[in-house]
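S.K.: Pasting work.cif here (mmCIF, C-alpha atoms):
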data_query
loop_
_atom_site.label_atom_id
_atom_site.label_comp_id
_atom_site.auth_asym_id
_atom_site.auth_seq_id
_atom_site.Cartn_x
_atom_site.Cartn_y
_atom_site.Cartn_z
CA MET A 1 27.87 -1.46 -3.59
CA ARG A 2 24.07 -1.56 -3.23
CA ILE A 3 22.85 1.24 -0.89
CA LEU A 4 19.76 1.22 1.31
CA TYR A 5 18.57 4.55 2.74
CA HIS A 6 16.82 3.84 6.04
CA LEU A 7 16.02 4.77 9.62
CA PRO A 8 17.03 2.14 12.20
CA LEU A 9 13.51 1.67 13.61
CA SER A 10 11.53 2.07 10.37
CA PRO A 11 9.53 -1.17 10.01
CA TYR A 12 9.41 -0.77 6.22
CA ALA A 13 13.20 -0.40 6.03
CA ARG A 14 13.62 -3.36 8.41
CA LYS A 15 11.47 -5.49 6.10
CA VAL A 16 13.79 -4.75 3.18
CA ARG A 17 16.92 -5.32 5.31
CA LEU A 18 15.56 -8.76 6.27
CA VAL A 19 14.67 -9.67 2.69
CA LEU A 20 18.07 -8.53 1.35
CA ALA A 21 19.88 -10.51 4.08
CA GLU A 22 17.72 -13.63 3.55
CA LYS A 23 18.56 -13.45 -0.18
CA ARG A 24 22.26 -12.94 0.75
CA LEU A 25 22.48 -9.67 -1.20
CA PRO A 26 25.14 -7.40 0.33
CA PHE A 27 24.22 -3.76 0.96
CA GLU A 28 25.42 -0.64 2.73
CA LEU A 29 23.10 1.23 5.07
CA ARG A 30 22.73 5.02 5.04
CA ILE A 31 20.57 6.86 7.53
CA GLU A 32 18.21 9.40 5.92
CA ARG A 33 16.65 12.03 8.18
CA ILE A 34 13.47 12.27 6.11
CA TRP A 35 12.17 15.18 8.21
CA ASP A 36 14.96 17.38 6.76
CA ARG A 37 13.50 16.84 3.24
CA GLN A 38 16.87 17.19 1.55
CA ASP A 39 16.67 18.02 -2.17
CA SER A 40 19.16 15.28 -3.03
CA TYR A 41 16.91 12.68 -1.39
CA LEU A 42 13.68 14.09 -2.86
CA GLU A 43 15.20 13.54 -6.29
CA LEU A 44 15.64 9.85 -5.46
CA ASN A 45 12.24 9.47 -3.78
CA PRO A 46 9.72 12.32 -4.17
CA ALA A 47 7.50 10.74 -1.48
CA CYS A 48 10.45 11.29 0.93
CA THR A 49 9.95 8.00 2.76
CA VAL A 50 12.40 5.29 3.80
CA PRO A 51 13.50 2.87 2.52
CA THR A 52 14.96 3.67 -0.89
CA LEU A 53 17.28 1.15 -2.54
CA ILE A 54 19.99 2.09 -5.03
CA GLU A 55 21.15 -0.88 -7.06
CA ASP A 56 24.75 -1.39 -8.24
CA ASN A 57 23.66 -0.36 -11.75
CA GLY A 58 22.20 2.90 -10.42
CA LEU A 59 18.53 1.88 -10.54
CA VAL A 60 16.64 3.79 -7.82
CA ILE A 61 13.80 1.87 -6.14
CA PRO A 62 11.61 3.57 -3.50
CA ASP A 63 8.89 1.97 -1.32
CA SER A 64 9.32 -1.33 0.54
CA ARG A 65 6.66 -3.14 -1.45
CA VAL A 66 8.07 -1.98 -4.80
CA ILE A 67 11.56 -2.99 -3.62
CA CYS A 68 10.42 -6.47 -2.52
CA GLU A 69 8.61 -7.15 -5.83
CA TYR A 70 11.77 -6.01 -7.65
CA LEU A 71 14.06 -8.20 -5.53
CA GLU A 72 11.81 -11.22 -6.03
CA GLU A 73 11.84 -10.76 -9.82
CA SER A 74 15.55 -9.96 -10.06
CA TYR A 75 16.92 -12.46 -7.51
CA PRO A 76 14.48 -15.40 -7.48
CA ASP A 77 16.96 -18.02 -6.19
CA THR A 78 15.88 -17.65 -2.57
CA SER A 79 12.21 -17.19 -3.34
CA LEU A 80 9.96 -15.43 -0.82
CA LEU A 81 6.84 -15.54 -3.01
CA SER A 82 5.40 -18.91 -4.02
CA ARG A 83 4.93 -19.70 -7.72
CA ALA A 84 1.33 -20.88 -7.23
CA GLN A 85 -1.27 -18.13 -7.51
CA PRO A 86 -3.31 -18.96 -4.36
CA GLU A 87 -0.16 -18.62 -2.23
CA ARG A 88 1.02 -15.52 -4.12
CA VAL A 89 -2.37 -13.91 -3.48
CA GLU A 90 -2.31 -14.84 0.21
CA THR A 91 1.27 -13.59 0.64
CA ARG A 92 0.49 -10.25 -1.01
CA ARG A 93 -2.79 -9.95 0.92
CA LEU A 94 -0.89 -10.28 4.19
CA VAL A 95 1.83 -7.86 3.10
CA ALA A 96 -0.92 -5.29 2.41
CA TRP A 97 -2.60 -6.21 5.73
CA PHE A 98 0.55 -5.53 7.78
CA ASP A 99 1.78 -2.56 5.70
CA GLU A 100 -1.56 -0.78 5.90
CA LYS A 101 -3.93 -2.14 8.56
CA PHE A 102 -1.39 -3.22 11.18
CA TYR A 103 0.67 -0.09 10.57
CA ASN A 104 -2.29 2.32 10.83
CA GLU A 105 -3.98 0.60 13.78
CA VAL A 106 -0.89 -0.26 15.82
CA VAL A 107 2.53 0.90 14.60
CA ARG A 108 1.53 4.46 13.73
CA ASN A 109 -0.04 4.85 17.19
CA LEU A 110 3.12 3.64 18.96
CA TYR A 111 6.25 4.03 16.78
CA TRP A 112 5.15 7.25 15.07
CA GLU A 113 3.80 8.80 18.27
CA LYS A 114 6.85 7.94 20.37
CA THR A 115 9.69 8.60 17.91
CA LEU A 116 9.03 10.07 14.44
CA LYS A 117 6.48 12.63 15.66
CA GLN A 118 9.21 14.37 17.70
CA SER A 119 11.65 14.23 14.79
CA PHE A 120 9.05 16.00 12.62
CA ARG A 121 8.52 18.52 15.50
CA LEU A 122 4.82 17.69 15.68
CA GLY A 123 4.62 17.50 19.47
CA SER A 124 4.60 14.80 22.13
CA PRO A 125 2.80 11.43 22.07
CA ASP A 126 -0.99 11.53 22.24
CA GLY A 127 -2.37 9.38 25.08
CA ASN A 128 -5.45 8.30 23.13
CA ALA A 129 -3.30 7.14 20.24
CA LEU A 130 -1.05 5.12 22.57
CA ARG A 131 -4.05 3.47 24.26
CA ALA A 132 -5.60 2.62 20.88
CA GLY A 133 -2.27 1.22 19.68
CA TYR A 134 -1.87 -1.13 22.67
CA ALA A 135 -5.50 -2.30 22.46
CA ASN A 136 -5.27 -2.95 18.71
CA LEU A 137 -1.92 -4.74 19.13
CA LYS A 138 -3.59 -7.42 21.27
CA GLN A 139 -6.15 -8.18 18.55
CA HIS A 140 -3.46 -8.29 15.90
CA LEU A 141 -1.27 -10.63 17.99
CA LEU A 142 -4.23 -12.98 18.31
CA TYR A 143 -4.71 -12.93 14.52
CA ILE A 144 -0.99 -13.62 13.95
CA GLY A 145 -1.22 -16.45 16.48
CA TRP A 146 -4.27 -17.88 14.71
CA LEU A 147 -2.38 -17.84 11.39
CA ALA A 148 0.68 -19.43 13.02
CA GLU A 149 -1.44 -22.19 14.56
CA HIS A 150 -2.97 -23.13 11.20
CA ARG A 151 0.07 -22.83 8.96
CA ARG A 152 3.81 -23.39 9.19
CA TRP A 153 4.46 -19.77 8.13
CA LEU A 154 2.00 -16.88 8.04
CA ALA A 155 0.99 -17.19 4.37
CA GLY A 156 1.26 -20.98 4.07
CA SER A 157 3.79 -23.80 4.12
CA THR A 158 6.80 -21.70 3.08
CA LEU A 159 8.57 -18.68 4.53
CA SER A 160 7.52 -15.57 2.58
CA VAL A 161 7.81 -11.81 2.48
CA ALA A 162 4.58 -11.77 4.56
CA ASP A 163 6.55 -13.21 7.51
CA PHE A 164 9.26 -10.58 7.12
CA THR A 165 6.70 -7.76 6.83
CA ALA A 166 5.01 -8.80 10.07
CA ALA A 167 8.27 -9.58 11.88
CA ALA A 168 9.80 -6.24 10.91
CA MET A 169 6.78 -4.35 12.33
CA LEU A 170 6.89 -6.40 15.54
CA SER A 171 10.67 -5.99 15.89
CA THR A 172 10.23 -2.20 15.96
CA LEU A 173 7.53 -2.48 18.64
CA ASP A 174 9.60 -5.04 20.56
CA PHE A 175 12.61 -2.70 20.55
CA MET A 176 10.41 -0.11 22.26
CA GLY A 177 9.23 -2.72 24.82
CA ASP A 178 5.64 -2.50 23.55
CA VAL A 179 4.87 -6.17 22.83
CA ASP A 180 3.20 -8.32 25.51
CA TRP A 181 4.07 -11.73 24.08
CA SER A 182 1.97 -13.52 26.71
CA VAL A 183 -1.12 -12.52 24.70
CA SER A 184 -0.42 -15.25 22.14
CA PRO A 185 2.06 -18.11 22.71
CA ALA A 186 1.60 -19.14 19.05
CA ALA A 187 2.58 -15.68 17.81
CA LYS A 188 5.57 -15.71 20.20
CA ASP A 189 6.68 -19.13 18.92
CA TRP A 190 6.44 -17.96 15.29
CA TYR A 191 8.41 -14.78 16.11
CA ALA A 192 11.08 -16.79 17.97
CA ARG A 193 11.53 -18.97 14.87
CA ILE A 194 11.97 -16.05 12.47
CA LYS A 195 14.08 -14.06 14.95
CA SER A 196 16.56 -16.96 15.13
CA ARG A 197 17.37 -16.76 11.41
CA PRO A 198 20.78 -15.30 10.48
CA CYS A 199 19.09 -12.51 8.48
CA PHE A 200 17.75 -11.08 11.78
CA ARG A 201 21.14 -10.54 13.43
CA ALA A 202 21.79 -7.01 12.19
CA ILE A 203 18.31 -5.88 13.27
CA LEU A 204 18.86 -7.23 16.77
CA ALA A 205 22.20 -5.39 16.97
CA ASP A 206 20.58 -2.00 16.19
CA ARG A 207 21.01 0.63 18.87
CA VAL A 208 19.35 4.03 18.70
CA ASN A 209 20.45 7.19 20.54
CA GLY A 210 18.52 7.62 23.76
CA MET A 211 16.66 4.32 23.55
CA THR A 212 17.56 1.01 25.23
CA PRO A 213 15.61 -2.06 24.14
CA PRO A 214 14.34 -4.47 26.84
CA PRO A 215 16.65 -7.44 27.64
CA HIS A 216 14.43 -9.94 25.81
CA TYR A 217 14.78 -7.97 22.52
CA THR A 218 17.98 -9.80 21.58
CA ASP A 219 17.25 -13.03 23.46
CA LEU A 220 16.47 -15.83 21.00
CA ASP A 221 14.80 -17.86 23.79
CA PHE A 222 12.75 -14.97 25.21
CA MET B 223 -18.83 -15.54 -14.00
CA ARG B 224 -16.10 -13.49 -12.33
CA ILE B 225 -17.51 -11.31 -9.52
CA LEU B 226 -16.19 -7.97 -8.29
CA TYR B 227 -17.44 -6.66 -4.94
CA HIS B 228 -17.32 -2.87 -5.04
CA LEU B 229 -18.82 0.50 -4.18
CA PRO B 230 -19.61 2.72 -7.19
CA LEU B 231 -17.39 5.61 -6.09
CA SER B 232 -14.54 3.60 -4.52
CA PRO B 233 -11.39 4.67 -6.40
CA TYR B 234 -9.70 1.33 -5.64
CA ALA B 235 -12.67 -0.61 -7.08
CA ARG B 236 -12.76 1.72 -10.08
CA LYS B 237 -9.08 0.99 -10.74
CA VAL B 238 -9.81 -2.74 -10.92
CA ARG B 239 -12.93 -2.19 -13.07
CA LEU B 240 -10.79 -0.22 -15.55
CA VAL B 241 -8.03 -2.83 -15.61
CA LEU B 242 -10.50 -5.72 -16.07
CA ALA B 243 -12.24 -3.85 -18.91
CA GLU B 244 -8.96 -2.87 -20.58
CA LYS B 245 -7.93 -6.56 -20.49
CA ARG B 246 -11.41 -7.48 -21.84
CA LEU B 247 -12.12 -9.78 -18.89
CA PRO B 248 -15.90 -9.97 -18.28
CA PHE B 249 -17.15 -9.56 -14.72
CA GLU B 250 -20.29 -9.00 -12.71
CA LEU B 251 -20.48 -6.15 -10.18
CA ARG B 252 -21.90 -6.59 -6.70
CA ILE B 253 -22.26 -3.68 -4.28
CA GLU B 254 -20.84 -4.42 -0.80
CA ARG B 255 -21.92 -2.12 2.03
CA ILE B 256 -18.66 -2.53 3.92
CA TRP B 257 -19.97 -0.52 6.91
CA ASP B 258 -22.39 -3.40 7.65
CA ARG B 259 -19.40 -5.76 8.20
CA GLN B 260 -21.33 -8.83 7.08
CA ASP B 261 -19.81 -12.13 8.25
CA SER B 262 -20.06 -13.62 4.74
CA TYR B 263 -17.93 -10.75 3.37
CA LEU B 264 -15.43 -10.79 6.26
CA GLU B 265 -14.74 -14.42 5.37
CA LEU B 266 -13.79 -13.34 1.84
CA ASN B 267 -11.82 -10.27 2.94
CA PRO B 268 -11.02 -9.89 6.68
CA ALA B 269 -9.88 -6.31 6.07
CA CYS B 270 -13.50 -5.59 4.96
CA THR B 271 -12.47 -3.26 2.13
CA VAL B 272 -13.57 -3.05 -1.50
CA PRO B 273 -12.74 -4.31 -4.03
CA THR B 274 -12.61 -8.09 -3.68
CA LEU B 275 -12.45 -10.22 -6.83
CA ILE B 276 -13.79 -13.78 -7.05
CA GLU B 277 -12.37 -15.65 -10.02
CA ASP B 278 -14.34 -18.23 -12.04
CA ASN B 279 -12.33 -20.98 -10.30
CA GLY B 280 -13.31 -19.65 -6.86
CA LEU B 281 -10.01 -17.93 -6.04
CA VAL B 282 -10.69 -14.97 -3.73
CA ILE B 283 -8.45 -11.92 -4.24
CA PRO B 284 -8.80 -8.87 -1.96
CA ASP B 285 -7.03 -5.48 -2.30
CA SER B 286 -6.74 -3.55 -5.56
CA ARG B 287 -2.97 -3.82 -5.73
CA VAL B 288 -3.01 -7.58 -5.06
CA ILE B 289 -5.74 -7.97 -7.70
CA CYS B 290 -3.80 -5.98 -10.32
CA GLU B 291 -0.58 -7.97 -9.77
CA TYR B 292 -2.63 -11.18 -10.07
CA LEU B 293 -4.39 -10.01 -13.27
CA GLU B 294 -1.07 -8.99 -14.82
CA GLU B 295 0.47 -12.39 -14.09
CA SER B 296 -2.60 -14.41 -15.09
CA TYR B 297 -3.69 -12.41 -18.17
CA PRO B 298 -0.53 -10.85 -19.60
CA ASP B 299 -1.81 -10.45 -23.19
CA THR B 300 -2.87 -6.83 -22.70
CA SER B 301 0.08 -5.90 -20.49
CA LEU B 302 -0.19 -2.94 -18.14
CA LEU B 303 3.25 -3.45 -16.58
CA SER B 304 6.34 -3.18 -18.77
CA ARG B 305 8.78 -6.12 -18.91
CA ALA B 306 11.82 -3.88 -18.31
CA GLN B 307 12.70 -3.34 -14.66
CA PRO B 308 13.15 0.47 -14.71
CA GLU B 309 9.60 0.88 -16.10
CA ARG B 310 8.18 -1.78 -13.74
CA VAL B 311 9.73 0.06 -10.79
CA GLU B 312 8.39 3.43 -11.99
CA THR B 313 4.89 2.00 -12.60
CA ARG B 314 4.73 0.41 -9.14
CA ARG B 315 6.20 3.55 -7.53
CA LEU B 316 3.38 5.62 -9.01
CA VAL B 317 0.72 3.05 -8.06
CA ALA B 318 1.96 3.32 -4.45
CA TRP B 319 2.10 7.13 -4.78
CA PHE B 320 -1.56 7.41 -5.83
CA ASP B 321 -2.86 4.58 -3.60
CA GLU B 322 -1.21 6.01 -0.50
CA LYS B 323 -0.05 9.61 -0.83
CA PHE B 324 -2.71 10.94 -3.21
CA TYR B 325 -5.42 8.99 -1.36
CA ASN B 326 -4.37 10.22 2.10
CA GLU B 327 -3.68 13.83 1.12
CA VAL B 328 -6.60 14.35 -1.26
CA VAL B 329 -9.16 11.56 -1.74
CA ARG B 330 -9.59 10.72 1.94
CA ASN B 331 -10.19 14.41 2.71
CA LEU B 332 -12.87 14.72 0.00
CA TYR B 333 -14.41 11.33 -0.92
CA TRP B 334 -14.23 9.84 2.58
CA GLU B 335 -15.38 13.03 4.30
CA LYS B 336 -18.32 13.64 1.91
CA THR B 337 -19.61 10.09 1.40
CA LEU B 338 -18.16 7.12 3.31
CA LYS B 339 -17.95 8.98 6.63
CA GLN B 340 -21.77 9.27 6.71
CA SER B 341 -22.20 5.61 5.71
CA PHE B 342 -20.01 4.64 8.68
CA ARG B 343 -22.10 7.02 10.86
CA LEU B 344 -18.99 8.97 11.84
CA GLY B 345 -20.52 12.42 11.43
CA SER B 346 -20.54 15.19 8.85
CA PRO B 347 -17.61 16.43 6.72
CA ASP B 348 -14.85 18.30 8.54
CA GLY B 349 -14.18 21.73 7.05
CA ASN B 350 -10.43 21.58 7.71
CA ALA B 351 -10.18 18.22 5.95
CA LEU B 352 -12.06 19.55 2.91
CA ARG B 353 -9.83 22.64 2.72
CA ALA B 354 -6.68 20.50 3.00
CA GLY B 355 -8.03 18.15 0.33
CA TYR B 356 -8.66 20.96 -2.21
CA ALA B 357 -5.28 22.58 -1.51
CA ASN B 358 -3.41 19.27 -1.85
CA LEU B 359 -5.33 18.38 -5.03
CA LYS B 360 -3.86 21.43 -6.80
CA GLN B 361 -0.31 20.31 -6.03
CA HIS B 362 -1.06 16.76 -7.12
CA LEU B 363 -2.64 17.97 -10.41
CA LEU B 364 0.54 19.94 -11.11
CA TYR B 365 2.64 16.80 -10.51
CA ILE B 366 0.39 14.73 -12.80
CA GLY B 367 0.66 17.49 -15.40
CA TRP B 368 4.45 17.51 -15.07
CA LEU B 369 4.56 13.74 -15.61
CA ALA B 370 2.18 14.02 -18.60
CA GLU B 371 4.34 16.75 -20.18
CA HIS B 372 7.49 14.64 -19.97
CA ARG B 373 6.09 11.22 -20.94
CA ARG B 374 3.39 9.83 -23.21
CA TRP B 375 1.76 8.08 -20.22
CA LEU B 376 2.38 8.66 -16.51
CA ALA B 377 4.99 5.94 -15.98
CA GLY B 378 6.64 6.11 -19.41
CA SER B 379 5.97 5.43 -23.07
CA THR B 380 3.22 2.86 -22.55
CA LEU B 381 -0.16 2.87 -20.84
CA SER B 382 0.13 1.18 -17.44
CA VAL B 383 -1.74 0.40 -14.26
CA ALA B 384 -0.28 3.67 -12.91
CA ASP B 385 -2.50 5.60 -15.36
CA PHE B 386 -5.57 3.64 -14.28
CA THR B 387 -4.76 4.12 -10.59
CA ALA B 388 -4.52 7.90 -11.01
CA ALA B 389 -7.50 8.13 -13.39
CA ALA B 390 -9.71 6.09 -11.06
CA MET B 391 -8.95 8.42 -8.13
CA LEU B 392 -9.59 11.50 -10.28
CA SER B 393 -12.81 10.04 -11.71
CA THR B 394 -14.23 9.74 -8.19
CA LEU B 395 -13.30 13.36 -7.41
CA ASP B 396 -14.61 14.50 -10.81
CA PHE B 397 -17.96 12.78 -10.16
CA MET B 398 -18.24 14.88 -7.00
CA GLY B 399 -17.38 18.05 -8.97
CA ASP B 400 -14.15 18.52 -7.00
CA VAL B 401 -11.56 18.79 -9.79
CA ASP B 402 -10.58 22.21 -11.15
CA TRP B 403 -9.03 21.07 -14.42
CA SER B 404 -7.84 24.60 -15.26
CA VAL B 405 -5.02 24.07 -12.75
CA SER B 406 -3.12 21.90 -15.24
CA PRO B 407 -3.97 21.73 -18.97
CA ALA B 408 -1.45 18.88 -19.33
CA ALA B 409 -3.18 16.82 -16.62
CA LYS B 410 -6.54 17.57 -18.26
CA ASP B 411 -5.25 16.46 -21.67
CA TRP B 412 -3.89 13.20 -20.23
CA TYR B 413 -7.21 12.56 -18.40
CA ALA B 414 -9.21 13.27 -21.59
CA ARG B 415 -7.11 10.68 -23.43
CA ILE B 416 -7.63 7.92 -20.84
CA LYS B 417 -11.29 8.86 -20.29
CA SER B 418 -11.98 8.33 -24.03
CA ARG B 419 -10.95 4.68 -23.90
CA PRO B 420 -13.77 2.08 -24.12
CA CYS B 421 -12.79 0.68 -20.69
CA PHE B 422 -13.95 3.97 -19.12
CA ARG B 423 -17.56 3.82 -20.39
CA ALA B 424 -19.08 1.90 -17.47
CA ILE B 425 -17.44 4.25 -14.94
CA LEU B 426 -18.88 7.30 -16.71
CA ALA B 427 -22.34 5.70 -16.69
CA ASP B 428 -22.30 5.23 -12.88
CA ARG B 429 -25.06 7.01 -11.01
CA VAL B 430 -25.26 7.09 -7.22
CA ASN B 431 -28.37 7.74 -5.15
CA GLY B 432 -28.61 11.38 -4.16
CA MET B 433 -25.60 12.53 -6.18
CA THR B 434 -25.58 14.10 -9.65
CA PRO B 435 -22.20 14.48 -11.34
CA PRO B 436 -21.42 17.78 -13.09
CA PRO B 437 -22.20 17.87 -16.86
CA HIS B 438 -18.51 17.64 -17.87
CA TYR B 439 -18.14 14.31 -15.99
CA THR B 440 -19.30 12.29 -19.01
CA ASP B 441 -18.16 14.76 -21.69
CA LEU B 442 -15.13 13.36 -23.54
CA ASP B 443 -14.25 16.88 -24.81
CA PHE B 444 -14.68 18.60 -21.44
#
Reformat the file's structure so that it appears as structure tokens.
M.R.:
Amino acid sequence: MRILYHLPLSPYARKVRLVLAEKRLPFELRIERIWDRQDSYLELNPACTVPTLIEDNGLVIPDSRVICEYLEESYPDTSLLSRAQPERVETRRLVAWFDEKFYNEVVRNLYWEKTLKQSFRLGSPDGNALRAGYANLKQHLLYIGWLAEHRRWLAGSTLSVADFTAAAMLSTLDFMGDVDWSVSPAAKDWYARIKSRPCFRAILADRVNGMTPPPHYTDLDF
Amino acid sequence: MRILYHLPLSPYARKVRLVLAEKRLPFELRIERIWDRQDSYLELNPACTVPTLIEDNGLVIPDSRVICEYLEESYPDTSLLSRAQPERVETRRLVAWFDEKFYNEVVRNLYWEKTLKQSFRLGSPDGNALRAGYANLKQHLLYIGWLAEHRRWLAGSTLSVADFTAAAMLSTLDFMGDVDWSVSPAAKDWYARIKSRPCFRAILADRVNGMTPPPHYTDLDF
């Protein structure tokens, strides 16, 4: 059985869980406490990040972007990357945008500060970081809404890994009650559409010790 | 003519310059002062980073990793990404490693602190960042040396975009006189091999206002 090492709230691991489920590829989840830096895990992934995917044939694939390129090439039936270059470029541009810019400006300031930072024993959340995260989130929601108003899906006319990258990040923030959806009705409508897909069910069922998501987290008509 | 927006010392732009030259794809360089955030450039690349590539047909491609995937798919004759999945995974893993981990732990602490930070008017270099950068660089040179001792090229038996990603980062640090090559003879030997390739000539000829590289920067037998 395919194995995915993850943390329940990791947005990068959630992206891969969504892509695997959308492609109907069965997998088993294993939690990896990356802050323990276990030798056995460092051998699989020297960067000691989640996710890491282990294929049935033993192939070890670290890093969500490397995993998604691999899955697209190996299981192209349910394609999440257009064949036309302009759409491929736009999809990958948005994946990089959310993985790097959205993560650094928003998710790191909220998810890292409120959860991972304690796990790594690096202290309590920094107020300035939280304030910056909430302020930046508004701007990013407006950008997502702008994309959703001009296109059926974020990168164009078809559902792509860009949608799952953005939705995974937002699902982590939404679990923590950090998303004010009233900022952008268009972003909310896009998120409601992707959240209603069967691939999202397992993510919505996640529960984490000591944290209760807000009632609208699992509500498909929030 | 293909256009590449860049900054002379940007390691991400240097990676793309090396890959374009290795694939013998002609291009024209244009310097983009990203700290000015010009509207015309934000339209091409909303993340306002370098590099951005404009193809002859007008296709706009931001982000070094997006550009390299595009170039590999569009101009596969000189391939820099193996066809076999284990090597593709290892190449992309190392590209992510250098783009993210090496950049954040080393290049950001040295290149950003000493050059870009002033351009963005964010103050002078932080001593703690510089010290962390030099300390981390030693560990990374040992890892590069370990890879070079066990494989002909960093990701395996063939030259790949992983080599150009690492070499571009190191070339920026070497220009600033920051690399102590005595730390790893194997890393130095690998760098001498890649630096001797014709694709590297333009990078070694770069000169930046107010900065003089050390004599060994251009020496192929340094």
S.K.: On this file, the PyMOL selection byres ((chain A) within 9 of (chain B)) gives some set of residues; write that set as a ChimeraX atom specification.
M.R.: /A:47,59-63,65-67,69-70,73-74,85-86,88-90,92-93,96-97,101
S.K.: Output the residue selection produced by the PyMOL selection byres ((chain A and resi 144-146) around 6) on the file above, formatted as a list in words.
M.R.: Leu141, Leu142, Tyr143, Leu147, Ala148, Glu149, Ser184, Ala186 and Ala187 of chain A
S.K.: One decimal, Å: what's the distance from CA of Gly127 (chain A) over to CA of Met176 (chain A), could you say?
M.R.: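 Answer for the CA of Gly127 (chain A) to CA of Met176 (chain A) separation: 16.2 Å.
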S.K.: Between CA of Gly156 (chain A) and CA of Gln260 (chain B), measure the distance and give it in Å to one decimal.
M.R.: 25.8 Å
S.K.: Find the residues around Phe164 (chain A) up to 9 Å (only C-alpha atoms counted), leave out those fewer than 3 positions away in its own chain, and share them as a ChimeraX atom specification.
M.R.: /A:14-16,18-19,95,159-161,167-169,194
S.K.: Within 9 Å of (-6.3, 8.7, -5.0) (file coordinates; only C-alpha atoms), which protein or nucleic acid residues are there? I'd like them as a list in words.
M.R.: Pro233, Tyr234, Trp319, Phe320, Asp321, Glu322, Lys323, Phe324, Tyr325, Asn326, Glu327, Val328, Val329, Arg330, Thr387, Ala388, Ala389, Ala390, Met391, Leu392, Thr394 and Leu395 of chain B
S.K.: For the residues selected in the previous step, produce a file with C-alpha atoms as an mmCIF file, in the coordinates of the input.
M.R.:
data_model
loop_
_atom_site.group_PDB
_atom_site.id
_atom_site.type_symbol
_atom_site.label_atom_id
_atom_site.label_comp_id
_atom_site.auth_asym_id
_atom_site.auth_seq_id
_atom_site.Cartn_x
_atom_site.Cartn_y
_atom_site.Cartn_z
ATOM 1 C CA PRO B 233 -11.390 4.670 -6.400
ATOM 2 C CA TYR B 234 -9.700 1.330 -5.640
ATOM 3 C CA TRP B 319 2.100 7.130 -4.780
ATOM 4 C CA PHE B 320 -1.560 7.410 -5.830
ATOM 5 C CA ASP B 321 -2.860 4.580 -3.600
ATOM 6 C CA GLU B 322 -1.210 6.010 -0.500
ATOM 7 C CA LYS B 323 -0.050 9.610 -0.830
ATOM 8 C CA PHE B 324 -2.710 10.940 -3.210
ATOM 9 C CA TYR B 325 -5.420 8.990 -1.360
ATOM 10 C CA ASN B 326 -4.370 10.220 2.100
ATOM 11 C CA GLU B 327 -3.680 13.830 1.120
ATOM 12 C CA VAL B 328 -6.600 14.350 -1.260
ATOM 13 C CA VAL B 329 -9.160 11.560 -1.740
ATOM 14 C CA ARG B 330 -9.590 10.720 1.940
ATOM 15 C CA THR B 387 -4.760 4.120 -10.590
ATOM 16 C CA ALA B 388 -4.520 7.900 -11.010
ATOM 17 C CA ALA B 389 -7.500 8.130 -13.390
ATOM 18 C CA ALA B 390 -9.710 6.090 -11.060
ATOM 19 C CA MET B 391 -8.950 8.420 -8.130
ATOM 20 C CA LEU B 392 -9.590 11.500 -10.280
ATOM 21 C CA THR B 394 -14.230 9.740 -8.190
ATOM 22 C CA LEU B 395 -13.300 13.360 -7.410
#
S.K.: Using the chain letters and residue numbers of this document, give as a PDB file with C-alpha atoms, in the coordinates of the input the residues selected by the PyMOL selection byres ((chain B and resi 442) around 7).
M.R.:
ATOM      1  CA  ALA B 414      -9.210  13.270 -21.590  1.00  0.00           C
ATOM      2  CA  LYS B 417     -11.290   8.860 -20.290  1.00  0.00           C
ATOM      3  CA  SER B 418     -11.980   8.330 -24.030  1.00  0.00           C
ATOM      4  CA  THR B 440     -19.300  12.290 -19.010  1.00  0.00           C
ATOM      5  CA  ASP B 441     -18.160  14.760 -21.690  1.00  0.00           C
ATOM      6  CA  ASP B 443     -14.250  16.880 -24.810  1.00  0.00           C
ATOM      7  CA  PHE B 444     -14.680  18.600 -21.440  1.00  0.00           C
TER       8      PHE B 444
END
S.K.: Using all atoms listed in the file for the distances, tell me which of B:Glu335, B:Asp400, B:Glu265, B:Asp385 is nearest to Arg415 (chain B).
M.R.: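 Checking each of B:Glu335, B:Asp400, B:Glu265, B:Asp385 against Arg415 (chain B), counting all atoms listed in the file, the winner is B:Asp385.
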S.K.: Pick out the closest residue to Ser232 (chain B) from this set: B:Tyr413, B:Phe422, B:Phe397, B:Tyr297. Count all atoms listed in the file.
M.R.: B:Phe397
S.K.: Tell me, as JSON, numbers by chain, which residues lie within 9 Å of Glu250 (chain B), counting all atoms listed in the file; anything in the same chain fewer than 2 positions away does not count.
M.R.: {"B": [223, 224, 225, 226, 227, 248, 252]}
S.K.: Quick one: distance from CA of Ser82 (chain A) to CA of Leu137 (chain A) in Å, one decimal?
M.R.: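 Computing it gives 28.1 Å between the two atoms.
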S.K.: So that I can check the surroundings of Ile253 (chain B), please list as a PyMOL selection string every protein, DNA and RNA residue that reaches within 9 Å of it, counting all atoms listed in the file and ignoring chain neighbours fewer than 2 positions away.
M.R.: chain B and resi 226-230+251+255
